>>> print(open('coords-v2.pdb').read())   # PDB, C-alpha atoms
MODEL        1
ATOM      1  CA  MET A   1      -2.754  22.569   1.551
ATOM      2  CA  THR A   2       0.027  20.152   2.486
ATOM      3  CA  TYR A   3       1.935  18.111  -0.095
ATOM      4  CA  VAL A   4       0.278  14.914   1.061
ATOM      5  CA  GLU A   5      -3.217  16.441   0.791
ATOM      6  CA  ASP A   6      -2.528  17.689  -2.721
ATOM      7  CA  GLU A   7      -1.087  14.362  -3.791
ATOM      8  CA  LEU A   8      -3.847  12.190  -2.375
ATOM      9  CA  MET A   9      -6.451  14.361  -4.106
ATOM     10  CA  SER A  10      -4.824  13.668  -7.491
ATOM     11  CA  GLN A  11      -5.161   9.891  -7.291
ATOM     12  CA  PRO A  12      -8.123   9.342  -9.666
ATOM     13  CA  GLU A  13      -6.229  11.077 -12.476
ATOM     14  CA  CYS A  14      -3.059   9.084 -11.752
ATOM     15  CA  TRP A  15      -4.994   5.817 -11.698
ATOM     16  CA  SER A  16      -6.669   6.584 -14.995
ATOM     17  CA  ARG A  17      -3.300   7.169 -16.655
ATOM     18  CA  ALA A  18      -1.741   4.050 -15.108
ATOM     19  CA  ALA A  19      -4.627   1.873 -16.280
ATOM     20  CA  ALA A  20      -4.282   3.256 -19.796
ATOM     21  CA  GLU A  21      -0.552   2.473 -19.817
ATOM     22  CA  ALA A  22      -0.797  -1.072 -18.443
ATOM     23  CA  ALA A  23      -0.903  -2.726 -21.859
ATOM     24  CA  ARG A  24       2.255  -0.882 -22.922
ATOM     25  CA  HIS A  25       4.139  -2.396 -19.994
ATOM     26  CA  ALA A  26       2.853  -5.952 -20.421
ATOM     27  CA  GLY A  27       6.278  -7.165 -21.547
ATOM     28  CA  GLU A  28       7.948  -6.006 -18.346
ATOM     29  CA  LEU A  29       5.307  -7.216 -15.903
ATOM     30  CA  PRO A  30       4.791 -10.838 -14.769
ATOM     31  CA  ALA A  31       3.264 -13.166 -17.348
ATOM     32  CA  PRO A  32       0.544 -15.720 -16.555
ATOM     33  CA  GLY A  33       1.991 -18.908 -15.105
ATOM     34  CA  GLU A  34       5.210 -17.382 -13.819
ATOM     35  CA  ARG A  35       6.198 -17.964 -10.197
ATOM     36  CA  VAL A  36       6.721 -14.444  -8.883
ATOM     37  CA  ALA A  37       7.943 -12.691  -5.753
ATOM     38  CA  ILE A  38       6.992  -9.058  -5.173
ATOM     39  CA  VAL A  39       9.203  -7.057  -2.825
ATOM     40  CA  GLY A  40       9.274  -3.595  -1.298
ATOM     41  CA  CYS A  41       9.745  -1.729   1.954
ATOM     42  CA  GLY A  42       7.102  -0.081   4.117
ATOM     43  CA  THR A  43       4.160   1.023   1.995
ATOM     44  CA  SER A  44       5.565  -0.820  -1.026
ATOM     45  CA  TRP A  45       5.589  -4.086   0.917
ATOM     46  CA  PHE A  46       1.910  -3.657   1.764
ATOM     47  CA  MET A  47       1.107  -2.965  -1.883
ATOM     48  CA  ALA A  48       3.083  -6.117  -2.708
ATOM     49  CA  GLN A  49       0.851  -8.083  -0.339
ATOM     50  CA  ALA A  50      -2.240  -6.817  -2.127
ATOM     51  CA  VAL A  51      -0.892  -7.549  -5.609
ATOM     52  CA  ALA A  52       0.278 -11.040  -4.641
ATOM     53  CA  ALA A  53      -3.186 -11.955  -3.373
ATOM     54  CA  LEU A  54      -4.864 -10.467  -6.448
ATOM     55  CA  ARG A  55      -2.563 -12.291  -8.847
ATOM     56  CA  GLU A  56      -3.013 -15.689  -7.210
ATOM     57  CA  GLY A  57      -6.748 -15.108  -6.907
ATOM     58  CA  ALA A  58      -6.895 -14.393 -10.636
ATOM     59  CA  GLY A  59      -5.221 -17.719 -11.393
ATOM     60  CA  GLN A  60      -2.120 -16.037 -12.821
ATOM     61  CA  GLY A  61       0.419 -18.074 -10.840
ATOM     62  CA  GLU A  62       1.967 -18.574  -7.432
ATOM     63  CA  THR A  63       2.896 -15.166  -6.031
ATOM     64  CA  ASP A  64       4.620 -14.223  -2.771
ATOM     65  CA  ALA A  65       5.227 -10.856  -1.120
ATOM     66  CA  PHE A  66       8.209 -10.041   1.089
ATOM     67  CA  PRO A  67       9.955  -7.072   2.641
ATOM     68  CA  ALA A  68      13.093  -6.657   0.569
ATOM     69  CA  SER A  69      15.195  -7.282   3.668
ATOM     70  CA  GLU A  70      13.536 -10.683   4.287
ATOM     71  CA  PHE A  71      13.731 -12.284   0.851
ATOM     72  CA  PRO A  72      13.990 -16.112   1.168
ATOM     73  CA  TRP A  73      17.126 -16.983  -0.739
ATOM     74  CA  GLY A  74      16.376 -20.709  -0.708
ATOM     75  CA  ARG A  75      13.372 -20.250  -3.007
ATOM     76  CA  ARG A  76      13.416 -19.949  -6.773
ATOM     77  CA  TYR A  77      11.214 -17.621  -8.811
ATOM     78  CA  ASP A  78      10.722 -16.921 -12.497
ATOM     79  CA  ARG A  79      10.667 -13.178 -11.890
ATOM     80  CA  ILE A  80      11.107 -10.669  -9.068
ATOM     81  CA  LEU A  81       9.007  -7.504  -9.098
ATOM     82  CA  ALA A  82      10.256  -4.658  -6.903
ATOM     83  CA  LEU A  83       8.165  -1.631  -5.919
ATOM     84  CA  THR A  84      10.249   1.426  -5.008
ATOM     85  CA  ARG A  85       9.044   5.005  -5.250
ATOM     86  CA  SER A  86      12.447   6.623  -4.777
ATOM     87  CA  GLY A  87      14.644   4.051  -6.501
ATOM     88  CA  THR A  88      17.204   4.560  -3.736
ATOM     89  CA  THR A  89      16.046   2.318  -0.866
ATOM     90  CA  THR A  90      19.051   0.337   0.314
ATOM     91  CA  GLU A  91      17.360  -3.018   0.930
ATOM     92  CA  VAL A  92      15.700  -3.033  -2.504
ATOM     93  CA  LEU A  93      18.906  -2.105  -4.317
ATOM     94  CA  ASP A  94      20.871  -4.746  -2.424
ATOM     95  CA  LEU A  95      18.357  -7.439  -3.335
ATOM     96  CA  LEU A  96      18.194  -6.496  -7.019
ATOM     97  CA  THR A  97      21.980  -6.297  -7.288
ATOM     98  CA  ARG A  98      22.436  -9.752  -5.778
ATOM     99  CA  LEU A  99      19.849 -11.205  -8.160
ATOM    100  CA  GLN A 100      21.606  -9.958 -11.296
ATOM    101  CA  GLY A 101      22.337 -12.865 -13.601
ATOM    102  CA  ARG A 102      20.299 -15.235 -11.407
ATOM    103  CA  THR A 103      16.634 -14.224 -11.698
ATOM    104  CA  PRO A 104      14.969 -11.707 -14.043
ATOM    105  CA  THR A 105      13.945  -8.546 -12.193
ATOM    106  CA  VAL A 106      11.711  -5.579 -12.904
ATOM    107  CA  ALA A 107      11.269  -2.465 -10.771
ATOM    108  CA  VAL A 108       8.305  -0.105 -10.693
ATOM    109  CA  THR A 109       9.553   3.333  -9.685
ATOM    110  CA  ALA A 110       8.775   7.026  -9.870
ATOM    111  CA  ASP A 111      12.301   8.132 -10.759
ATOM    112  CA  PRO A 112      14.351   6.430 -13.497
ATOM    113  CA  ASP A 113      17.412   8.596 -12.794
ATOM    114  CA  THR A 114      18.293   6.682  -9.628
ATOM    115  CA  PRO A 115      20.388   3.573  -8.832
ATOM    116  CA  VAL A 116      17.427   1.237  -9.388
ATOM    117  CA  ALA A 117      17.848   1.742 -13.147
ATOM    118  CA  ARG A 118      21.203  -0.057 -12.930
ATOM    119  CA  ALA A 119      20.133  -2.650 -10.368
ATOM    120  CA  ALA A 120      17.002  -3.969 -12.132
ATOM    121  CA  ASP A 121      16.887  -5.722 -15.496
ATOM    122  CA  ARG A 122      13.746  -3.869 -16.575
ATOM    123  CA  LEU A 123      12.069  -0.674 -15.397
ATOM    124  CA  VAL A 124       8.478   0.590 -15.347
ATOM    125  CA  VAL A 125       8.399   4.323 -14.660
ATOM    126  CA  LEU A 126       5.384   6.079 -13.107
ATOM    127  CA  ASP A 127       6.981   9.516 -12.917
ATOM    128  CA  PHE A 128       3.590  11.224 -13.202
ATOM    129  CA  ALA A 129       2.730   9.759  -9.774
ATOM    130  CA  ASP A 130       5.925  10.888  -8.027
ATOM    131  CA  GLU A 131       5.528  12.749  -4.744
ATOM    132  CA  ARG A 132       7.188  15.481  -2.710
ATOM    133  CA  SER A 133       5.752  14.163   0.545
ATOM    134  CA  VAL A 134       7.477  11.692   2.829
ATOM    135  CA  VAL A 135       4.164   9.904   3.414
ATOM    136  CA  GLN A 136       3.296   7.828   0.342
ATOM    137  CA  THR A 137      -0.165   8.042  -1.145
ATOM    138  CA  ARG A 138      -0.552   8.332  -4.909
ATOM    139  CA  PHE A 139       2.576   6.483  -6.053
ATOM    140  CA  ALA A 140       1.663   3.366  -4.087
ATOM    141  CA  THR A 141      -1.964   3.303  -5.212
ATOM    142  CA  THR A 142      -1.001   4.112  -8.802
ATOM    143  CA  ALA A 143       1.464   1.207  -8.875
ATOM    144  CA  LEU A 144      -1.278  -1.042  -7.518
ATOM    145  CA  THR A 145      -3.688   0.250 -10.160
ATOM    146  CA  LEU A 146      -1.166  -0.478 -12.915
ATOM    147  CA  LEU A 147      -0.889  -4.054 -11.681
ATOM    148  CA  ARG A 148      -4.662  -4.458 -11.214
ATOM    149  CA  ALA A 149      -5.110  -3.321 -14.807
ATOM    150  CA  HIS A 150      -2.372  -5.722 -15.949
ATOM    151  CA  LEU A 151      -4.374  -8.518 -14.303
ATOM    152  CA  GLY A 152      -7.601  -7.342 -15.945
ATOM    153  CA  LEU A 153      -9.087  -6.321 -12.586
ATOM    154  CA  HIS A 154      -9.336  -2.531 -12.962
ATOM    155  CA  THR A 155     -12.606  -0.823 -13.923
ATOM    156  CA  ASP A 156     -13.710   2.785 -14.238
ATOM    157  CA  ALA A 157     -15.948   2.203 -11.218
ATOM    158  CA  VAL A 158     -12.808   2.389  -9.073
ATOM    159  CA  LEU A 159     -12.185   5.939 -10.306
ATOM    160  CA  ALA A 160     -15.773   6.944  -9.584
ATOM    161  CA  ASP A 161     -15.519   5.527  -6.060
ATOM    162  CA  ALA A 162     -12.268   7.403  -5.431
ATOM    163  CA  ARG A 163     -13.856  10.680  -6.511
ATOM    164  CA  THR A 164     -16.761   9.937  -4.183
ATOM    165  CA  VAL A 165     -14.547   9.469  -1.121
ATOM    166  CA  LEU A 166     -12.621  12.627  -1.963
ATOM    167  CA  ALA A 167     -15.850  14.636  -2.067
ATOM    168  CA  GLU A 168     -17.705  13.167   0.920
ATOM    169  CA  PRO A 169     -17.137  14.253   4.531
ATOM    170  CA  LEU A 170     -15.526  11.706   6.815
ATOM    171  CA  PRO A 171     -17.939   9.705   9.000
ATOM    172  CA  GLU A 172     -19.097  11.642  12.044
ATOM    173  CA  GLY A 173     -17.075  11.013  15.188
ATOM    174  CA  LEU A 174     -14.240   9.252  13.388
ATOM    175  CA  VAL A 175     -11.553  11.913  13.820
ATOM    176  CA  GLU A 176     -12.191  12.072  17.569
ATOM    177  CA  CYS A 177     -11.439   8.370  18.134
ATOM    178  CA  GLY A 178      -8.300   7.467  20.060
ATOM    179  CA  GLN A 179      -7.583   4.055  18.533
ATOM    180  CA  PHE A 180      -8.052   2.810  14.970
ATOM    181  CA  THR A 181      -8.218  -0.750  13.666
ATOM    182  CA  PHE A 182      -8.300  -1.648   9.966
ATOM    183  CA  LEU A 183      -9.475  -5.058   8.772
ATOM    184  CA  GLY A 184      -9.191  -6.813   5.424
ATOM    185  CA  ARG A 185      -9.683 -10.131   3.696
ATOM    186  CA  GLY A 186      -7.626 -11.547   0.835
ATOM    187  CA  TRP A 187      -5.977  -8.739  -1.111
ATOM    188  CA  THR A 188      -7.391  -6.078   1.202
ATOM    189  CA  VAL A 189      -5.295  -7.291   4.152
ATOM    190  CA  GLY A 190      -2.415  -5.435   2.482
ATOM    191  CA  LEU A 191      -4.608  -2.339   2.182
ATOM    192  CA  ALA A 192      -5.540  -2.588   5.872
ATOM    193  CA  ASN A 193      -1.848  -2.746   6.773
ATOM    194  CA  GLU A 194      -1.204   0.320   4.628
ATOM    195  CA  ALA A 195      -4.116   2.288   6.125
ATOM    196  CA  ALA A 196      -2.740   1.610   9.588
ATOM    197  CA  LEU A 197       0.724   2.742   8.506
ATOM    198  CA  LYS A 198      -0.683   6.039   7.204
ATOM    199  CA  MET A 199      -2.293   6.700  10.588
ATOM    200  CA  ARG A 200       0.960   6.000  12.410
ATOM    201  CA  GLU A 201       3.137   8.042  10.053
ATOM    202  CA  ALA A 202       0.976  11.125   9.601
ATOM    203  CA  ALA A 203      -1.008  11.257  12.857
ATOM    204  CA  LEU A 204       1.066   9.287  15.417
ATOM    205  CA  SER A 205      -2.062   7.270  16.147
ATOM    206  CA  TRP A 206      -2.540   4.021  18.018
ATOM    207  CA  THR A 207      -3.438   1.932  15.008
ATOM    208  CA  GLU A 208      -3.604  -1.777  14.240
ATOM    209  CA  ALA A 209      -4.442  -3.955  11.250
ATOM    210  CA  TYR A 210      -5.597  -7.572  11.033
ATOM    211  CA  PRO A 211      -7.182 -10.112   8.722
ATOM    212  CA  ALA A 212     -10.864  -9.647   9.502
ATOM    213  CA  MET A 213     -11.510 -13.170  10.755
ATOM    214  CA  GLU A 214      -8.499 -12.938  13.093
ATOM    215  CA  TYR A 215      -9.866  -9.850  14.835
ATOM    216  CA  ARG A 216     -12.142 -12.032  16.949
ATOM    217  CA  HIS A 217      -9.153 -14.079  18.144
ATOM    218  CA  GLY A 218      -7.891 -11.598  20.726
ATOM    219  CA  PRO A 219      -7.569  -8.096  19.247
ATOM    220  CA  ILE A 220     -11.263  -7.295  19.715
ATOM    221  CA  SER A 221     -10.596  -7.285  23.462
ATOM    222  CA  VAL A 222      -9.034  -3.802  23.263
ATOM    223  CA  SER A 223     -12.019  -2.284  21.454
ATOM    224  CA  GLY A 224     -14.119   0.233  23.328
ATOM    225  CA  ALA A 225     -15.938   3.526  23.172
ATOM    226  CA  ARG A 226     -12.999   5.437  21.640
ATOM    227  CA  THR A 227     -12.146   2.767  19.053
ATOM    228  CA  ALA A 228     -12.917   2.901  15.341
ATOM    229  CA  THR A 229     -12.904  -0.420  13.492
ATOM    230  CA  TRP A 230     -12.873  -0.067   9.718
ATOM    231  CA  MET A 231     -13.511  -2.899   7.261
ATOM    232  CA  LEU A 232     -11.908  -2.647   3.821
ATOM    233  CA  GLY A 233     -14.043  -4.775   1.547
ATOM    234  CA  PRO A 234     -16.925  -7.161   2.327
ATOM    235  CA  GLU A 235     -17.294  -7.903   6.029
ATOM    236  CA  PRO A 236     -17.618 -11.353   7.611
ATOM    237  CA  GLU A 237     -21.118 -12.178   8.792
ATOM    238  CA  GLY A 238     -21.805 -10.987  12.327
ATOM    239  CA  LEU A 239     -18.556  -9.075  12.800
ATOM    240  CA  ALA A 240     -20.116  -5.607  12.672
ATOM    241  CA  GLN A 241     -22.556  -6.538  15.423
ATOM    242  CA  GLN A 242     -19.774  -7.943  17.596
ATOM    243  CA  VAL A 243     -17.707  -4.791  17.214
ATOM    244  CA  ARG A 244     -20.625  -2.477  17.927
ATOM    245  CA  ALA A 245     -21.336  -4.490  21.090
ATOM    246  CA  THR A 246     -17.941  -3.365  22.439
ATOM    247  CA  GLY A 247     -18.979   0.277  22.082
ATOM    248  CA  ALA A 248     -16.611   0.844  19.145
ATOM    249  CA  LEU A 249     -17.481   2.788  16.008
ATOM    250  CA  TRP A 250     -17.885   0.404  13.053
ATOM    251  CA  ILE A 251     -17.051   1.695   9.558
ATOM    252  CA  SER A 252     -18.177  -0.431   6.619
ATOM    253  CA  GLY A 253     -16.117  -0.354   3.435
ATOM    254  CA  ARG A 254     -18.980   0.135   1.020
ATOM    255  CA  LEU A 255     -16.928   1.208  -2.016
ATOM    256  CA  ASP A 256     -13.990  -0.327  -3.872
ATOM    257  CA  PRO A 257     -11.334  -1.145  -1.236
ATOM    258  CA  LEU A 258      -8.685   0.944  -2.991
ATOM    259  CA  ALA A 259     -11.006   3.946  -2.817
ATOM    260  CA  GLU A 260     -11.588   3.161   0.862
ATOM    261  CA  LEU A 261      -7.815   3.368   1.336
ATOM    262  CA  VAL A 262      -8.000   6.919  -0.020
ATOM    263  CA  ARG A 263     -10.635   7.670   2.615
ATOM    264  CA  ALA A 264      -8.233   6.332   5.251
ATOM    265  CA  GLN A 265      -5.491   8.589   3.872
ATOM    266  CA  ARG A 266      -7.841  11.533   4.328
ATOM    267  CA  LEU A 267      -8.517  10.423   7.886
ATOM    268  CA  ALA A 268      -4.793  10.379   8.659
ATOM    269  CA  VAL A 269      -4.452  13.963   7.460
ATOM    270  CA  ALA A 270      -7.551  15.070   9.385
ATOM    271  CA  VAL A 271      -6.395  13.451  12.631
ATOM    272  CA  ALA A 272      -2.955  15.022  12.190
ATOM    273  CA  ALA A 273      -4.553  18.443  11.793
ATOM    274  CA  ALA A 274      -6.759  17.909  14.859
ATOM    275  CA  ARG A 275      -3.672  17.062  16.901
ATOM    276  CA  GLY A 276      -1.612  19.988  15.621
ATOM    277  CA  LEU A 277       0.756  17.793  13.585
ATOM    278  CA  ASP A 278       2.250  18.458  10.165
ATOM    279  CA  PRO A 279       1.731  15.351   7.981
ATOM    280  CA  ASP A 280       4.446  16.588   5.617
ATOM    281  CA  ARG A 281       6.993  16.252   8.441
ATOM    282  CA  PRO A 282       6.353  12.856  10.041
ATOM    283  CA  ARG A 283       8.466  12.158  13.113
ATOM    284  CA  HIS A 284      11.755  10.276  12.565
ATOM    285  CA  LEU A 285      11.024   9.581   8.878
ATOM    286  CA  THR A 286      12.654  10.493   5.570
ATOM    287  CA  ARG A 287      11.404  10.047   2.011
ATOM    288  CA  SER A 288      13.774   7.143   1.390
ATOM    289  CA  VAL A 289      15.687   4.869   3.756
ATOM    290  CA  VAL A 290      19.321   4.867   2.656
ATOM    291  CA  LEU A 291      21.610   2.936   4.991
ATOM    292  CA  HIS A 292      25.257   3.940   5.433
ATOM    293  CA  SER A 293      26.386   0.314   5.376
ATOM    294  CA  ARG A 294      24.463  -1.997   3.072
ATOM    295  CA  PRO A 295      23.472  -5.458   4.342
ATOM    296  CA  THR A 296      25.255  -8.563   3.126
ATOM    297  CA  GLY A 297      24.150 -12.154   2.726
ATOM    298  CA  SER A 298      24.219 -15.229   0.580
TER     299      SER A 298
ENDMDL
END
>>> encode(input="coords-v2.pdb", output="structure tokens")
Amino acid sequence: MTYVEDELMSQPECWSRAAAEAARHAGELPAPGERVAIVGCGTSWFMAQAVAALREGAGQGETDAFPASEFPWGRRYDRILALTRSGTTTEVLDLLTRLQGRTPTVAVTADPDTPVARAADRLVVLDFADERSVVQTRFATTALTLLRAHLGLHTDAVLADARTVLAEPLPEGLVECGQFTFLGRGWTVGLANEAALKMREAALSWTEAYPAMEYRHGPISVSGARTATWMLGPEPEGLAQQVRATGALWISGRLDPLAELVRAQRLAVAVAAARGLDPDRPRHLTRSVVLHSRPTGS
């Protein structure tokens, strides 16, 4: 079993622990009414997108999500929340360092013995969800679970759904597809982006992600007999029929969207295996992006 397979299988246990610890970290995490920006890189940015949509949808306050390298310095926030598994990503450290003394910051990380401990004002450590793999699975979803629980949006049904997708076989014909499209609405747009990233990283697949209603506005034109289109969360009326009419395989997200992301992680590993790839050694990638010269700015 590869590292990434082992780690993705452990997610229900990690989520259960994160949900139980959410109350303990309430003082570090954004309070209701605060104007918040959530930042990260790669997978962490997509988790930030999901959390931002969840927080605003819950009426907790205006919340934006940005790649750490694209933070809008002209805006003012009450708190910045950074997601960083390694605690060493250059863009995140640069942002947090420049914010010191200007805006309160908190970082959610897997490793407290890294530079992020000095760069952020406060730290939330999920070391039990750390990973050996380059491809992120359980740390990202565990951080999201912590924040869902902090917002009062986590239930044990999510754990049951995750165990279901880990036990069930993948839908027939899915691994053989040549192109994959993931769709979301609201907070699940971030999950769709992350599912697509997993397919690119682990399986070198032609993969796209869109807000579900935008799929009709052009992208559906590339769908065909070797396409799989996967909806994370409730689907817009009529979309499944339109996709099936192209000859594509339609996959409904019938369980909690976070559990459906786990199913997509499994697909990435299965497609990698079918193509003779090692998902623990994704092409051109390292576990953390550390730049030799750090960016500068205002």
>>> resolve_selection(input="coords-v2.pdb", expression="the PyMOL selection byres ((chain A and resi 116) around 8)", output="list in words")
Gly87, Thr88, Leu93, Ala107, Pro112, Thr114, Pro115, Ala117, Arg118, Ala119 and Ala120 of chain A
>>> resolve_selection(input="coords-v2.pdb", expression="the PyMOL selection byres ((chain A and resi 133) around 9)", output="ChimeraX atom specification")
/A:2-4,7,131-132,134-137,279-281,287
>>> atom_distance(input="coords-v2.pdb", atom1="atom CA of Leu170 of chain A", atom2="atom CA of Leu232 of chain A")
15.1 Å
>>> residues_around(input="coords-v2.pdb", residues="Asp156 of chain A", least_positions_apart="2", cutoff="12 Å", atoms="all atoms listed in the file", output="PyMOL selection string")
chain A and resi 12-13+15-17+19-20+145+148-149+152-154+158-163+256+259
>>> residues_around(input="coords-v2.pdb", residues="segment 30-35 of chain A", least_positions_apart="2", cutoff="7 Å", atoms="all atoms listed in the file", output="ChimeraX atom specification")
/A:28,60-63,77-79
>>> atom_distance(input="coords-v2.pdb", atom1="atom CA of Arg216 of chain A", atom2="atom CA of Leu249 of chain A")
15.8 Å
>>> atom_distance(input="coords-v2.pdb", atom1="atom CA of Asp64 of chain A", atom2="atom CA of Gln49 of chain A")
7.6 Å
>>> resolve_selection(input="coords-v2.pdb", expression="the PyMOL selection byres ((chain A and resi 67) around 7)", output="ChimeraX atom specification")
/A:39-41,45,66,68-71
>>> closest_residue(input="coords-v2.pdb", among="A:Leu8, A:Leu183, A:Ala240, A:Val189", to="Ala129 of chain A", atoms="all atoms listed in the file")
A:Leu8
>>> residues_near_point(input="coords-v2.pdb", point="(-15.8, -3.5, 17.2)", cutoff="10 Å", atoms="all atoms listed in the file", output="MDAnalysis selection string")
chainID A and resid 181 215:216 219:225 227:230 239:251
>>> write_last_selection(input="coords-v2.pdb", atoms="C-alpha atoms", output="short mmCIF file (atom, residue, chain, number, x, y, z; two decimals), in the coordinates of the input")
data_model
loop_
_atom_site.label_atom_id
_atom_site.label_comp_id
_atom_site.auth_asym_id
_atom_site.auth_seq_id
_atom_site.Cartn_x
_atom_site.Cartn_y
_atom_site.Cartn_z
CA THR A 181 -8.22 -0.75 13.67
CA TYR A 215 -9.87 -9.85 14.84
CA ARG A 216 -12.14 -12.03 16.95
CA PRO A 219 -7.57 -8.10 19.25
CA ILE A 220 -11.26 -7.30 19.72
CA SER A 221 -10.60 -7.28 23.46
CA VAL A 222 -9.03 -3.80 23.26
CA SER A 223 -12.02 -2.28 21.45
CA GLY A 224 -14.12 0.23 23.33
CA ALA A 225 -15.94 3.53 23.17
CA THR A 227 -12.15 2.77 19.05
CA ALA A 228 -12.92 2.90 15.34
CA THR A 229 -12.90 -0.42 13.49
CA TRP A 230 -12.87 -0.07 9.72
CA LEU A 239 -18.56 -9.07 12.80
CA ALA A 240 -20.12 -5.61 12.67
CA GLN A 241 -22.56 -6.54 15.42
CA GLN A 242 -19.77 -7.94 17.60
CA VAL A 243 -17.71 -4.79 17.21
CA ARG A 244 -20.62 -2.48 17.93
CA ALA A 245 -21.34 -4.49 21.09
CA THR A 246 -17.94 -3.36 22.44
CA GLY A 247 -18.98 0.28 22.08
CA ALA A 248 -16.61 0.84 19.14
CA LEU A 249 -17.48 2.79 16.01
CA TRP A 250 -17.89 0.40 13.05
CA ILE A 251 -17.05 1.70 9.56
#
>>> axis_aligned_box(input="coords-v2.pdb", around="segment 251-257 of chain A", padding_each_side="3 Å", output="JSON")
{"center_x": -15.2, "center_y": 0.3, "center_z": 2.8, "size_x": 13.6, "size_y": 8.8, "size_z": 19.4}
>>> closest_residue(input="coords-v2.pdb", among="A:Cys177, A:Leu54, A:Val165, A:Leu277", to="Gln265 of chain A", atoms="all atoms listed in the file")
A:Val165
>>> closest_residue(input="coords-v2.pdb", among="A:Ala52, A:Leu99, A:Leu29, A:Val262", to="Arg122 of chain A", atoms="all atoms listed in the file")
A:Leu29
>>> closest_residue(input="coords-v2.pdb", among="A:Ala264, A:Ala143, A:Ile38, A:Ala196", to="Val106 of chain A", atoms="only C-alpha atoms")
A:Ile38
>>> closest_residue(input="coords-v2.pdb", among="A:Ala202, A:Ala37, A:Ala273, A:Leu267", to="Leu95 of chain A", atoms="only C-alpha atoms")
A:Ala37
>>> closest_residue(input="coords-v2.pdb", among="A:Thr188, A:Arg263, A:Gly238, A:Glu194", to="Gly42 of chain A", atoms="all atoms listed in the file")
A:Glu194
>>> residues_around(input="coords-v2.pdb", residues="Val125 of chain A", least_positions_apart="2", cutoff="6 Å", atoms="all atoms listed in the file", output="number ranges by chain")
A: 108-110, 127
